$ cat run01.txt   # compact mmCIF, C-alpha atoms
# COMPACT_ATOMS: atom_id res chain seq x y z
CA GLN A 775 -5.80 -68.44 -16.48
CA LEU A 776 -5.51 -65.98 -13.59
CA ASN A 777 -6.33 -66.77 -9.97
CA TRP A 778 -7.21 -64.50 -7.05
CA LEU A 779 -8.29 -65.61 -3.57
CA GLY A 780 -9.56 -68.94 -4.90
CA TYR A 781 -11.45 -67.43 -7.85
CA CYS A 782 -10.21 -67.94 -11.40
CA ILE A 783 -10.73 -66.40 -14.81
CA THR A 784 -9.80 -67.90 -18.18
CA LEU A 785 -8.58 -65.66 -20.99
CA ASN A 786 -9.12 -66.75 -24.58
CA VAL A 787 -6.78 -64.42 -26.50
CA PRO A 788 -5.04 -64.51 -29.91
CA GLU A 789 -1.56 -64.04 -28.44
CA ARG A 790 -0.20 -65.30 -25.11
CA SER A 791 1.74 -62.05 -24.79
CA LEU A 792 -1.53 -60.19 -24.14
CA ALA A 793 -2.38 -62.52 -21.26
CA GLU A 794 1.16 -62.12 -19.87
CA THR A 795 0.86 -58.34 -19.96
CA VAL A 796 -2.55 -58.43 -18.30
CA ALA A 797 -1.04 -60.60 -15.55
CA LEU A 798 1.69 -58.00 -15.00
CA TYR A 799 -0.79 -55.14 -14.84
CA THR A 800 -3.07 -56.94 -12.38
CA GLY A 801 -0.24 -58.29 -10.22
CA LEU A 802 -1.33 -61.90 -10.73
CA GLN A 803 0.45 -65.06 -11.80
CA LEU A 804 -0.47 -66.45 -15.21
CA LEU A 805 -1.24 -70.18 -15.20
CA THR A 806 -2.01 -72.61 -18.00
CA ALA A 807 -5.76 -73.19 -18.20
CA PRO A 808 -7.15 -76.74 -18.43
CA ALA A 809 -8.02 -77.76 -21.97
CA SER A 810 -11.68 -77.99 -20.98
CA ALA A 811 -11.81 -74.46 -19.52
CA LYS A 812 -14.25 -72.08 -21.17
CA GLY A 813 -13.00 -68.58 -21.87
CA ASP A 814 -14.48 -65.99 -19.50
CA ILE A 815 -12.97 -63.18 -21.58
CA THR A 816 -12.55 -63.79 -25.30
CA VAL A 817 -10.63 -61.51 -27.66
CA LEU A 818 -11.23 -61.71 -31.40
CA GLU A 819 -9.02 -59.91 -33.90
CA HIS A 820 -10.81 -58.36 -36.87
CA SER A 821 -9.64 -56.11 -39.69
CA GLY A 822 -8.91 -52.77 -38.05
CA TYR A 823 -10.16 -53.53 -34.52
CA PHE A 824 -10.36 -56.05 -31.69
CA GLU A 825 -13.57 -57.42 -30.23
CA VAL A 826 -13.72 -58.28 -26.53
CA LYS A 827 -16.50 -60.55 -25.30
CA TRP A 828 -17.27 -60.83 -21.59
CA ARG A 829 -20.49 -62.15 -20.09
CA ASN A 830 -23.24 -60.61 -22.24
CA THR A 831 -21.22 -57.66 -23.49
CA SER A 832 -19.13 -57.04 -26.59
CA LEU A 833 -16.59 -54.20 -26.77
CA GLN A 834 -14.67 -52.85 -29.74
CA CYS A 835 -11.10 -51.66 -29.26
CA GLU A 836 -9.37 -49.70 -31.99
CA SER A 837 -5.79 -50.20 -30.78
CA GLU A 838 -3.65 -52.62 -28.80
CA GLU A 839 -3.46 -50.02 -26.02
CA ASP A 840 -7.26 -49.80 -25.80
CA LEU A 841 -7.37 -53.61 -25.79
CA LEU A 842 -4.96 -53.92 -22.87
CA VAL A 843 -6.72 -51.24 -20.82
CA ASN A 844 -10.13 -52.85 -21.35
CA VAL A 845 -9.08 -56.44 -20.66
CA ALA A 846 -7.06 -55.43 -17.58
CA THR A 847 -10.21 -53.65 -16.34
CA LEU A 848 -12.53 -56.57 -17.04
CA VAL A 849 -10.37 -59.05 -15.10
CA PRO A 850 -10.90 -57.38 -11.70
CA ALA A 851 -14.54 -56.70 -12.63
CA HIS A 852 -14.99 -60.44 -13.16
CA PHE A 853 -13.38 -61.20 -9.79
CA PHE A 854 -15.52 -58.53 -8.16
CA LEU A 855 -18.72 -60.19 -9.35
CA ALA A 856 -17.41 -63.64 -8.46
CA SER A 857 -16.71 -62.51 -4.89
CA SER A 858 -20.00 -60.62 -4.48
CA SER A 859 -20.89 -62.59 -1.35
CA GLN A 860 -18.07 -60.77 0.48
CA PRO A 861 -18.56 -57.19 1.73
CA ALA A 862 -16.81 -54.65 -0.49
CA LEU A 863 -16.33 -50.90 -0.42
CA HIS A 864 -16.03 -48.41 -3.25
CA ALA A 865 -12.80 -47.07 -1.78
CA GLY A 866 -9.06 -46.91 -2.20
CA ALA A 867 -6.31 -47.39 0.35
CA LEU A 868 -2.64 -46.78 0.92
CA LEU A 869 -0.45 -48.71 3.32
CA HIS A 870 1.23 -46.65 6.05
CA ARG A 871 3.26 -48.22 8.86
CA GLY A 872 1.59 -51.56 8.27
CA GLU A 873 -1.97 -50.22 8.39
CA ALA A 874 -4.48 -49.24 5.71
CA ILE A 875 -5.60 -45.64 5.31
CA LEU A 876 -8.88 -45.71 3.37
CA PHE A 877 -10.26 -42.98 1.14
CA SER A 878 -13.73 -42.99 -0.37
CA GLY A 879 -16.22 -40.61 -1.91
CA ASP A 880 -18.72 -40.02 -4.65
CA PRO A 881 -17.96 -40.91 -8.28
CA TYR A 882 -15.50 -38.50 -9.94
CA CYS A 883 -14.29 -37.25 -6.55
CA GLY A 884 -10.69 -38.13 -7.43
CA LYS A 885 -9.91 -41.48 -5.77
CA SER A 886 -7.80 -42.73 -8.68
CA THR A 887 -6.07 -39.36 -9.07
CA LEU A 888 -5.27 -39.33 -5.35
CA ALA A 889 -3.90 -42.89 -5.60
CA PHE A 890 -1.82 -41.95 -8.66
CA ASN A 891 -0.30 -38.95 -6.89
CA ALA A 892 0.41 -41.06 -3.80
CA TRP A 893 2.09 -43.66 -6.00
CA GLN A 894 4.26 -40.96 -7.57
CA LEU A 895 5.31 -40.01 -4.04
CA LYS A 896 6.42 -43.65 -3.48
CA GLU A 897 3.52 -44.53 -1.19
CA ALA A 898 2.45 -48.19 -1.12
CA ILE A 899 -0.97 -48.43 -2.78
CA ILE A 900 -3.40 -51.22 -1.90
CA GLY A 901 -6.01 -50.03 -4.39
CA ASP A 902 -7.81 -47.03 -5.84
CA ASP A 903 -11.39 -48.19 -6.28
CA TRP A 904 -12.51 -51.47 -4.69
CA LEU A 905 -11.65 -53.14 -1.39
CA LEU A 906 -12.84 -56.24 0.38
CA TYR A 907 -13.36 -55.62 4.08
CA ASP A 908 -13.93 -57.67 7.21
CA SER A 909 -16.04 -55.81 9.77
CA GLY A 910 -15.21 -58.42 12.40
CA ASN A 911 -11.45 -57.95 12.28
CA PHE A 912 -11.61 -54.41 10.80
CA THR A 913 -9.27 -55.27 7.95
CA VAL A 914 -9.20 -54.79 4.17
CA ARG A 915 -7.70 -56.59 1.20
CA GLY A 916 -7.12 -55.29 -2.29
CA PHE A 917 -8.49 -56.25 -5.69
CA PRO A 918 -6.12 -57.04 -8.60
CA LYS A 919 -7.04 -53.78 -10.28
CA PRO A 920 -4.46 -51.37 -11.74
CA ILE A 921 -5.04 -47.73 -10.95
CA ASN A 922 -6.38 -45.96 -14.02
CA PRO A 923 -7.16 -42.28 -13.51
CA ARG A 924 -8.89 -40.31 -16.23
CA VAL A 925 -6.43 -38.16 -18.16
CA ASN A 926 -6.45 -35.40 -20.69
CA PRO A 927 -4.22 -36.37 -23.65
CA LYS A 928 -2.58 -32.95 -23.33
CA GLN A 929 -1.21 -34.07 -19.94
CA LEU A 930 0.64 -37.07 -21.35
CA PRO A 931 3.96 -35.36 -22.19
CA ARG A 932 4.23 -34.19 -18.57
CA ILE A 933 3.19 -37.57 -17.18
CA SER A 934 5.67 -39.44 -19.40
CA LYS A 935 8.51 -37.57 -17.69
CA THR A 936 7.59 -39.03 -14.29
CA VAL A 937 6.43 -42.55 -15.20
CA ASN A 938 8.61 -45.33 -16.58
CA SER A 939 7.39 -46.19 -20.07
CA GLN A 940 7.34 -49.90 -19.14
CA GLN A 941 4.94 -49.25 -16.25
CA TYR A 942 1.95 -47.63 -17.91
CA VAL A 943 -0.34 -47.64 -20.92
CA VAL A 944 -2.80 -45.03 -22.15
CA GLY A 945 -6.04 -46.13 -23.76
CA LYS A 946 -9.77 -45.54 -23.94
CA ILE A 947 -12.55 -47.11 -21.89
CA HIS A 948 -16.06 -46.03 -22.91
CA ASN A 949 -14.53 -43.15 -24.87
CA GLU A 950 -12.64 -41.86 -21.82
CA TRP A 951 -8.86 -41.63 -21.88
CA ARG A 952 -7.29 -43.60 -19.03
CA LEU A 953 -3.75 -43.83 -17.73
CA MET A 954 -3.26 -47.38 -16.43
CA ILE A 955 -0.33 -48.14 -14.12
CA SER A 956 0.98 -51.68 -13.78
CA ARG A 957 0.59 -53.16 -10.29
CA GLN A 958 4.13 -54.49 -10.64
CA ALA A 959 5.34 -50.90 -10.28
CA GLY A 960 5.44 -50.77 -6.49
CA PHE A 961 1.89 -51.71 -5.48
CA VAL A 962 0.80 -53.92 -2.59
CA ASN A 963 0.05 -57.22 -4.36
CA SER A 964 -0.10 -59.56 -1.35
CA TYR A 965 -3.81 -60.03 -1.90
CA GLU A 966 -4.24 -62.73 0.73
CA THR A 967 -2.85 -60.48 3.47
CA PRO A 968 -5.48 -58.47 5.40
CA TYR A 969 -4.43 -55.04 6.63
CA HIS A 970 -5.84 -53.42 9.73
CA ILE A 971 -7.78 -50.22 9.00
CA ARG A 972 -6.13 -47.19 10.57
CA SER A 973 -8.56 -44.50 9.37
CA LEU A 974 -11.19 -43.61 6.78
CA PHE A 975 -11.33 -40.35 4.84
CA PHE A 976 -14.30 -39.25 2.75
CA ILE A 977 -12.73 -37.03 0.10
CA SER A 978 -14.02 -34.14 -2.00
CA ARG A 979 -12.37 -31.65 -4.34
CA ASP A 980 -12.24 -28.03 -3.19
CA PRO A 981 -10.44 -25.96 -5.87
CA GLY A 982 -11.12 -22.71 -4.07
CA ALA A 983 -9.18 -23.59 -0.91
CA GLY A 984 -6.23 -25.59 0.31
CA SER A 985 -6.29 -29.20 1.41
CA ARG A 986 -7.57 -29.70 4.95
CA VAL A 987 -9.09 -32.30 7.25
CA GLU A 988 -12.37 -31.69 9.06
CA ALA A 989 -14.60 -33.60 11.40
CA ILE A 990 -17.63 -35.24 9.80
CA GLU A 991 -21.06 -35.64 11.32
CA ARG A 992 -21.95 -39.20 12.26
CA ASP A 993 -25.17 -39.27 10.21
CA GLN A 994 -23.38 -37.89 7.17
CA ALA A 995 -20.62 -40.47 7.51
CA LEU A 996 -23.22 -43.23 7.83
CA ARG A 997 -24.98 -42.16 4.64
CA LYS A 998 -21.68 -42.01 2.79
CA ILE A 999 -20.42 -45.43 3.84
CA LEU A 1000 -23.74 -47.07 2.99
CA SER A 1001 -23.73 -45.40 -0.42
CA GLN A 1002 -20.23 -46.81 -1.04
CA THR A 1003 -21.04 -50.36 0.10
CA LEU A 1004 -20.91 -52.21 -3.19
CA LEU A 1005 -23.68 -54.55 -4.31
CA THR A 1006 -25.64 -53.39 -1.29
CA LYS A 1007 -27.62 -56.12 0.43
CA GLY A 1008 -29.01 -56.26 3.92
CA ARG A 1009 -26.05 -58.18 5.32
CA MET A 1010 -23.53 -55.98 3.58
CA SER A 1011 -25.23 -52.83 4.83
CA LEU A 1012 -25.04 -54.14 8.39
CA SER A 1013 -21.34 -54.90 7.84
CA GLY A 1014 -20.80 -51.33 6.66
CA ILE A 1015 -22.56 -49.95 9.72
CA LYS A 1016 -20.47 -52.16 12.01
CA LEU A 1017 -17.26 -51.01 10.32
CA LEU A 1018 -18.20 -47.36 10.59
CA GLU A 1019 -19.27 -47.64 14.24
CA HIS A 1020 -15.90 -49.13 15.15
CA LEU A 1021 -13.97 -46.39 13.35
CA TRP A 1022 -16.27 -43.74 14.77
CA LYS A 1023 -15.66 -44.86 18.35
CA GLU A 1024 -11.93 -44.68 17.68
CA ASN A 1025 -12.27 -41.17 16.16
CA LYS A 1026 -10.87 -42.43 12.85
CA VAL A 1027 -13.40 -41.02 10.35
CA TYR A 1028 -12.75 -37.68 8.63
CA HIS A 1029 -13.66 -35.44 5.72
CA LEU A 1030 -10.65 -34.60 3.55
CA HIS A 1031 -10.97 -31.55 1.30
CA ILE A 1032 -8.44 -31.63 -1.55
CA GLY A 1033 -7.37 -28.24 -2.87
CA GLU A 1034 -6.54 -27.46 -6.48
CA ASP A 1035 -3.81 -29.96 -7.43
CA ASP A 1036 -2.88 -30.05 -3.74
CA PHE A 1037 -2.55 -33.82 -3.50
CA GLU A 1038 0.84 -33.93 -1.77
CA LEU A 1039 -0.47 -31.97 1.21
CA ALA A 1040 -3.65 -34.07 1.22
CA ILE A 1041 -1.60 -37.27 1.42
CA ASP A 1042 0.54 -35.86 4.23
CA LEU A 1043 -2.62 -34.95 6.13
CA MET A 1044 -3.95 -38.48 5.75
CA LYS A 1045 -0.75 -39.95 7.17
CA SER A 1046 -0.38 -37.46 10.01
CA THR A 1047 -4.00 -37.33 11.21
CA GLU A 1048 -4.38 -39.51 14.30

$ encode --input "run01.txt" --output "structure tokens"
Amino acid sequence: QLNWLGYCITLNVPERSLAETVALYTGLQLLTAPASAKGDITVLEHSGYFEVKWRNTSLQCESEEDLLVNVATLVPAHFFLASSSQPALHAGALLHRGEAILFSGDPYCGKSTLAFNAWQLKEAIIGDDWLLYDSGNFTVRGFPKPINPRVNPKQLPRISKTVNSQQYVVGKIHNEWRLMISRQAGFVNSYETPYHIRSLFFISRDPGAGSRVEAIERDQALRKILSQTLLTKGRMSLSGIKLLEHLWKENKVYHLHIGEDDFELAIDLMKSTE
């Protein structure tokens, strides 16, 4: 059993070692589940593949690596749905001088890739995809989700030179290759600690130019933050507006263009922009 902010999930797996590895990758402590607990995620081993059952879905995994990547992805997804009454953003964040620098954007804009590059530069990563936020205190907290950028298998030899073999796994989710980094490898795993939001960057890829920060129109920023408010409901939308208005008044909302493989400069710009 894994616990996060008062929510719990029970794993029914063939080998305890799988649950222990999932706990490492999600940055959570593994506890013994009560005998009466029903498995929220169940793994069945068949001849030649593993079957993963969660809610009303059934997934097939061809290898142990695929199995780990899928289960370690389903755990935070389960917690995300369990905590759906709390406002959440489709955004990542890094911790800089005790404050959270947020980055958000449309799907496939490169949030996980930005987080991965920041992690390689020894930045403290709160998350790469989902954040809980409090629009009253203007703080965020992370989800127990490993970063897992999409990768081309041809990139793996280069990546393996920079990442400790004990800290990552490569596997497929929905036929996409993913590089999953363990949250024990230098991530911010103090999930109960809220971090004050320093700034918010809406990111986009711009291969034809270098990385740069630009002002963003208020209406455009409003549309973007509402589109990234997860499980949008009336109350959550109002929370998103309140959060944006606060950051806007403080001049803390920007558009970050990321040049072709120019992530190091992009990260420096995020940290240096006041």

$ atom_distance --input "run01.txt" --atom1 "CA of Arg952 in chain A" --atom2 "CA of Met1044 in chain A"
25.5 Å

$ closest_residue --input "run01.txt" --among "A:Lys935, A:Lys1026, A:His1020, A:His948" --to "Ser909 in chain A" --atoms "all atoms listed in the file"
A:His1020

$ atom_distance --input "run01.txt" --atom1 "CA of Tyr882 in chain A" --atom2 "CA of Arg972 in chain A"
24.2 Å

$ residues_around --input "run01.txt" --residues "Thr936 in chain A" --least-positions-apart "6" --cutoff "12 Å" --atoms "only C-alpha atoms" --output "MDAnalysis selection string"
chainID A and resid 890:891 893:896 929:930 942

$ closest_residue --input "run01.txt" --among "A:Leu1030, A:Val787, A:Leu848, A:Ile971" --to "His870 in chain A" --atoms "only C-alpha atoms"
A:Ile971

$ residues_around --input "run01.txt" --residues "Phe1037 in chain A" --least-positions-apart "6" --cutoff "12 Å" --atoms "all atoms listed in the file" --output "PDB file with C-alpha atoms, in the coordinates of the input"
ATOM      1  CA  GLY A 884     -10.690 -38.130  -7.430  1.00  0.00           C
ATOM      2  CA  LYS A 885      -9.910 -41.480  -5.770  1.00  0.00           C
ATOM      3  CA  SER A 886      -7.800 -42.730  -8.680  1.00  0.00           C
ATOM      4  CA  THR A 887      -6.070 -39.360  -9.070  1.00  0.00           C
ATOM      5  CA  LEU A 888      -5.270 -39.330  -5.350  1.00  0.00           C
ATOM      6  CA  ALA A 889      -3.900 -42.890  -5.600  1.00  0.00           C
ATOM      7  CA  PHE A 890      -1.820 -41.950  -8.660  1.00  0.00           C
ATOM      8  CA  ASN A 891      -0.300 -38.950  -6.890  1.00  0.00           C
ATOM      9  CA  ALA A 892       0.410 -41.060  -3.800  1.00  0.00           C
ATOM     10  CA  TRP A 893       2.090 -43.660  -6.000  1.00  0.00           C
ATOM     11  CA  GLN A 894       4.260 -40.960  -7.570  1.00  0.00           C
ATOM     12  CA  LEU A 895       5.310 -40.010  -4.040  1.00  0.00           C
ATOM     13  CA  ILE A 977     -12.730 -37.030   0.100  1.00  0.00           C
ATOM     14  CA  SER A 978     -14.020 -34.140  -2.000  1.00  0.00           C
ATOM     15  CA  ARG A 979     -12.370 -31.650  -4.340  1.00  0.00           C
ATOM     16  CA  ASP A 980     -12.240 -28.030  -3.190  1.00  0.00           C
ATOM     17  CA  PRO A 981     -10.440 -25.960  -5.870  1.00  0.00           C
ATOM     18  CA  GLY A 984      -6.230 -25.590   0.310  1.00  0.00           C
ATOM     19  CA  SER A 985      -6.290 -29.200   1.410  1.00  0.00           C
ATOM     20  CA  ARG A 986      -7.570 -29.700   4.950  1.00  0.00           C
ATOM     21  CA  LEU A1030     -10.650 -34.600   3.550  1.00  0.00           C
ATOM     22  CA  HIS A1031     -10.970 -31.550   1.300  1.00  0.00           C
ATOM     23  CA  LEU A1043      -2.620 -34.950   6.130  1.00  0.00           C
ATOM     24  CA  MET A1044      -3.950 -38.480   5.750  1.00  0.00           C
TER      25      MET A1044
END

$ atom_distance --input "run01.txt" --atom1 "CA of Ser973 in chain A" --atom2 "CA of Asp1036 in chain A"
20.3 Å

$ residues_around --input "run01.txt" --residues "Leu1012 in chain A" --least-positions-apart "5" --cutoff "12 Å" --atoms "all atoms listed in the file" --output "compact mmCIF listing (two decimals) with C-alpha atoms, keeping the file's coordinate frame"
# COMPACT_ATOMS: atom_id res chain seq x y z
CA PRO A 861 -18.56 -57.19 1.73
CA ASP A 908 -13.93 -57.67 7.21
CA SER A 909 -16.04 -55.81 9.77
CA GLY A 910 -15.21 -58.42 12.40
CA LEU A 996 -23.22 -43.23 7.83
CA ILE A 999 -20.42 -45.43 3.84
CA LEU A 1000 -23.74 -47.07 2.99
CA THR A 1003 -21.04 -50.36 0.10
CA THR A 1006 -25.64 -53.39 -1.29
CA LYS A 1007 -27.62 -56.12 0.43
CA LEU A 1017 -17.26 -51.01 10.32
CA LEU A 1018 -18.20 -47.36 10.59
CA GLU A 1019 -19.27 -47.64 14.24

$ closest_residue --input "run01.txt" --among "A:Glu897, A:Glu838, A:Glu988, A:Asp814" --to "Leu792 in chain A" --atoms "all atoms listed in the file"
A:Glu838

$ decode --input "run01.txt" --residues "range 866-877 of chain A" --atoms "all heavy atoms" --output "compact mmCIF listing (two decimals), in the first residue's frame"
# COMPACT_ATOMS: atom_id res chain seq x y z
N GLY A 866 4.38 21.78 -14.65
CA GLY A 866 5.53 21.30 -13.91
C GLY A 866 6.11 22.44 -13.09
O GLY A 866 5.68 23.59 -13.20
N ALA A 867 7.10 22.11 -12.25
CA ALA A 867 7.71 23.15 -11.43
C ALA A 867 9.10 22.70 -10.98
O ALA A 867 9.34 21.52 -10.74
CB ALA A 867 6.85 23.46 -10.21
N LEU A 868 9.98 23.68 -10.88
CA LEU A 868 11.27 23.44 -10.25
C LEU A 868 11.39 24.38 -9.05
O LEU A 868 10.76 25.44 -8.99
CB LEU A 868 12.42 23.63 -11.23
CG LEU A 868 12.61 24.98 -11.93
CD1 LEU A 868 13.49 25.91 -11.10
CD2 LEU A 868 13.25 24.77 -13.30
N LEU A 869 12.18 23.97 -8.08
CA LEU A 869 12.34 24.71 -6.84
C LEU A 869 13.62 25.54 -6.93
O LEU A 869 14.70 25.01 -7.16
CB LEU A 869 12.42 23.75 -5.65
CG LEU A 869 12.39 24.37 -4.26
CD1 LEU A 869 11.07 25.08 -4.00
CD2 LEU A 869 12.61 23.27 -3.20
N HIS A 870 13.47 26.85 -6.76
CA HIS A 870 14.61 27.76 -6.85
C HIS A 870 14.55 28.74 -5.70
O HIS A 870 13.60 29.50 -5.55
CB HIS A 870 14.59 28.50 -8.19
CG HIS A 870 15.73 29.46 -8.38
ND1 HIS A 870 17.04 29.04 -8.43
CD2 HIS A 870 15.76 30.81 -8.53
CE1 HIS A 870 17.83 30.08 -8.61
NE2 HIS A 870 17.08 31.17 -8.68
N ARG A 871 15.58 28.69 -4.83
CA ARG A 871 15.67 29.56 -3.67
C ARG A 871 14.41 29.48 -2.81
O ARG A 871 13.90 30.49 -2.32
CB ARG A 871 15.94 31.00 -4.09
CG ARG A 871 17.29 31.18 -4.80
CD ARG A 871 17.51 32.60 -5.25
NE ARG A 871 18.81 32.73 -5.91
CZ ARG A 871 19.23 33.85 -6.51
NH1 ARG A 871 18.45 34.92 -6.54
NH2 ARG A 871 20.42 33.87 -7.10
N GLY A 872 13.91 28.27 -2.66
CA GLY A 872 12.78 28.02 -1.78
C GLY A 872 11.42 28.32 -2.38
O GLY A 872 10.39 28.16 -1.70
N GLU A 873 11.38 28.74 -3.65
CA GLU A 873 10.12 29.05 -4.30
C GLU A 873 9.95 28.22 -5.57
O GLU A 873 10.92 27.74 -6.15
CB GLU A 873 10.04 30.53 -4.65
CG GLU A 873 10.01 31.45 -3.44
CD GLU A 873 9.83 32.90 -3.84
OE1 GLU A 873 10.66 33.39 -4.65
OE2 GLU A 873 8.88 33.54 -3.36
N ALA A 874 8.69 28.06 -5.98
CA ALA A 874 8.37 27.23 -7.14
C ALA A 874 8.27 28.08 -8.40
O ALA A 874 7.54 29.08 -8.43
CB ALA A 874 7.06 26.49 -6.91
N ILE A 875 9.01 27.68 -9.43
CA ILE A 875 8.89 28.28 -10.75
C ILE A 875 8.07 27.32 -11.59
O ILE A 875 8.50 26.19 -11.85
CB ILE A 875 10.26 28.53 -11.39
CG1 ILE A 875 11.09 29.50 -10.55
CG2 ILE A 875 10.10 29.07 -12.81
CD1 ILE A 875 12.50 29.73 -11.07
N LEU A 876 6.88 27.74 -12.01
CA LEU A 876 5.97 26.87 -12.74
C LEU A 876 6.16 27.01 -14.25
O LEU A 876 6.47 28.10 -14.74
CB LEU A 876 4.52 27.22 -12.40
CG LEU A 876 3.91 26.60 -11.13
CD1 LEU A 876 4.73 26.93 -9.89
CD2 LEU A 876 2.47 27.04 -10.95
N PHE A 877 5.96 25.90 -14.95
CA PHE A 877 5.96 25.94 -16.42
C PHE A 877 4.82 25.08 -16.93
O PHE A 877 4.59 23.97 -16.46
CB PHE A 877 7.30 25.50 -17.00
CG PHE A 877 7.86 24.22 -16.42
CD1 PHE A 877 7.60 23.00 -17.02
CD2 PHE A 877 8.65 24.25 -15.28
CE1 PHE A 877 8.12 21.82 -16.49
CE2 PHE A 877 9.18 23.07 -14.74
CZ PHE A 877 8.92 21.85 -15.35
